[in-house]
Structures are given as structure tokens and as C-alpha cells.
Amino acid sequence: MMTDFANIQINEQTSQEKQTKELITATAGMRASDGDGVRLTRIIGTPQLRMIDPFLMLDCFESDDPDDYIGGFPTHPHRGFETVTYLLDGRMRHKDSKGNEGVIEPGGVQWMTAGKGILHSEMPEQENGLLKGFQLWVNLPASDKMTEPGYQEFAPDKVAVENRQDGTEVRVIAGTTDLGTRGPVINHYTSSTYMDVGLPGGVVFNQQLPDGHNAFIYVVEGELTVGEQAQKIAPRTLGILGEGAQVRITAQSPSSRFLLVAGKPLNEPVVQSGPFVMNTREEINQAFDDFRRGLF
């Protein structure tokens, strides 16, 4: 279990110009398993990339072998951050100790605020076929780590979709596109952006982000180039974006798809132990004590 994080720091833009973000570095992550033996790729939350403030972890799970996912993620606790599950293929059932329950389907999302403490499970709602998706952990500021837990779930038809004349499709989970399409998730803690973008070959995608927000892309399929420098990034790779307020992505394959994620950095101490993320070791010890006492 990791007790602290090495942080990727991205300096705030000082120029008044809407500078284009360039690619700082890229990583393919590492093989891992979690829950009851679910095989996955851990992309953020590794020894090489501990976090991108405020994002603590990004996992990609993708397999058509039931042995890789059938055990799912049985009931477990969380405190101090938010979990975001987004599915591309398959079905998963969410249940938690606050009475929330629902099935996530392809294109659907659930955004859970663990706050002061919650127990939840995410279990495959299938016995065979492809299960593919992502789980993202988003930190909470110190002032809100002990907030009441919350839950937002949106079926595929409730996620905003923007179809452009050039063939671009943008599924907007959180944030707002330059053309005004707004995602259904409301997040006041880090004002996060979360978009799933499909691009035909040669098409350019531009998106403004709030000044000072840290951002990354994850290439789901196809090859892309990033920024004015047109740096290439391969499929199944995460690219950390530098300072600036504009993202510029160009599809180099006949069809490409990527996630664009951004959020306001908290710039606070981070202490993690397993499913708890707080600001001090004392707070972590209190979380374990509260869990043992059945206070979640």
C-alpha cells in the first residue's frame, strides 16, 4: 500500500494568451489486479506516475475472458475522495451502504463521492463477453473530505453527446465543450472535465480548459498527435498535458478515440492507505478505526 504520492506538477499559465497545451510525457501504465482478482492496467497510481493532482488513480479493465473480471469488486470501504466508473462495453452493478443501486451499461457513468465514508461494490452483470471501462479516483479538498457521501449515475442516453459536421463525436460526462454541450455530472470540488472523443482520420479537435487545470488524455484507439508540436501518442497510452488553456488533438488513424480529463489541482498533502485518502497519517488511522467500529 502506498502511503504518499509523487506528484506531477503543471505550472499555471501566466500569459493572457490561450496557449496550446503540449505533451509533457506519456505512459502505458502497468499490469495489476484489484478487487477479487480483476485483471487491469493501472495507469495513474503507479510507482512511475503516482498522481496528476487532483487525479489519484486511473485503471483500465478490458477483457473478454470471464476469469479476468468475474470476481468483480466486492463490498469495500472508501473515504476522502471520489470514484468515477465509465463503461465502454459490458455491464456492472453498483450497490452502496447509502442505499444507491444501479447497473452501468456501455456509455453510462457513475460518480460516487465517498466523503466521510461509504461501503460499495461493483460487480459484473454478465457471465461472458467483453467488459471494458475505466475507474478514475478524484481527490477531495481537505475541507470536504468528511462531507456526506453522494452518488450520481447516468444511463447512456442521459450522457450528453455532441456530433459535429466533421464527424467528431464528443460524449460529455462532465464539463462543457467549446460549442456549449454540458455534461450531466455536477462537481464543485475540482470542477472536473471528462469527455470521450471520437475523431475521424485527419480531423482536429480543439477544446478550451479552465486556466490552471491539470489535464491528460488517454488514447483508447488509433494514433493521435498533440499540440502545435504534433507530438505522436500511441493507442492505450496516457499523455500528460502541459500548461496552457487549449487542447489540440489530431487523429492520425482512420478512426481514433480518446478520453480528455482535467481538473483543478488541490495542492494539498496526500496520504493514502488502501481505500482511504486523507491529508495526514492521523486522519488515515482514524479512518481505519472508524471502519473497524462500523461507522461507515
# chains A, B, ... in the order shown; residues from 1 in each chain; ligands from 1
>>> select_by_dssp(residues="region 208-273 of chain A", states="strand (DSSP E or B)", output="ChimeraX atom specification")
/A:208,214-221,224-226,231-233,238-241,246-251,255-263,271-273
>>> residues_around(residues="Ala114 (chain A)", least_positions_apart="3", cutoff="10 Å", atoms="only C-alpha atoms", output="list in words")
Pro77, His78, Arg79, Gly80, Phe81, Glu82, Thr83, Trp111, Gly117, Ile118, Leu119, His120, Leu140, Lys145, Met146, Thr147, Glu148, Pro149, Gly150, Tyr151, Phe276 and Phe296 of chain A
>>> closest_atom_pairs(of="region 53-109 of chain A", to="region 240-258 of chain A", cutoff="12 Å", atoms="only C-alpha atoms", output="Markdown table")
| residue | atom | partner | partner_atom | distance |
| --- | --- | --- | --- | --- |
| A:Asp53 | CA | A:Ile240 | CA | 11.4 |
| A:Phe55 | CA | A:Ile240 | CA | 11.7 |
| A:Leu88 | CA | A:Arg257 | CA | 11.4 |
>>> select_by_dssp(residues="region 52-253 of chain A", states="helix (DSSP H, G or I)", output="short mmCIF file (atom, residue, chain, number, x, y, z; two decimals) with N, CA and C atoms, in the first residue's frame")
data_model
loop_
_atom_site.label_atom_id
_atom_site.label_comp_id
_atom_site.auth_asym_id
_atom_site.auth_seq_id
_atom_site.Cartn_x
_atom_site.Cartn_y
_atom_site.Cartn_z
N PRO A 66 -13.98 -14.21 -18.98
CA PRO A 66 -14.66 -14.01 -17.69
C PRO A 66 -13.75 -14.22 -16.49
N ASP A 67 -12.74 -15.09 -16.62
CA ASP A 67 -11.84 -15.32 -15.49
C ASP A 67 -11.09 -14.06 -15.10
N ASP A 68 -10.99 -13.10 -16.03
CA ASP A 68 -10.27 -11.86 -15.75
C ASP A 68 -11.10 -10.84 -14.97
N ALA A 142 -9.26 19.13 1.48
CA ALA A 142 -9.28 18.85 2.92
C ALA A 142 -10.58 19.31 3.56
N SER A 143 -11.11 20.42 3.10
CA SER A 143 -12.33 20.98 3.70
C SER A 143 -13.56 20.13 3.43
N ASP A 144 -13.48 19.19 2.45
CA ASP A 144 -14.65 18.40 2.07
C ASP A 144 -14.44 16.90 2.20
N PRO A 156 -26.61 5.68 -20.46
CA PRO A 156 -26.03 6.18 -21.71
C PRO A 156 -26.83 7.28 -22.38
N ASP A 157 -28.16 7.18 -22.34
CA ASP A 157 -28.97 8.19 -23.01
C ASP A 157 -29.08 9.49 -22.23
N LYS A 158 -28.51 9.52 -21.02
CA LYS A 158 -28.51 10.75 -20.22
C LYS A 158 -27.16 11.47 -20.30
#
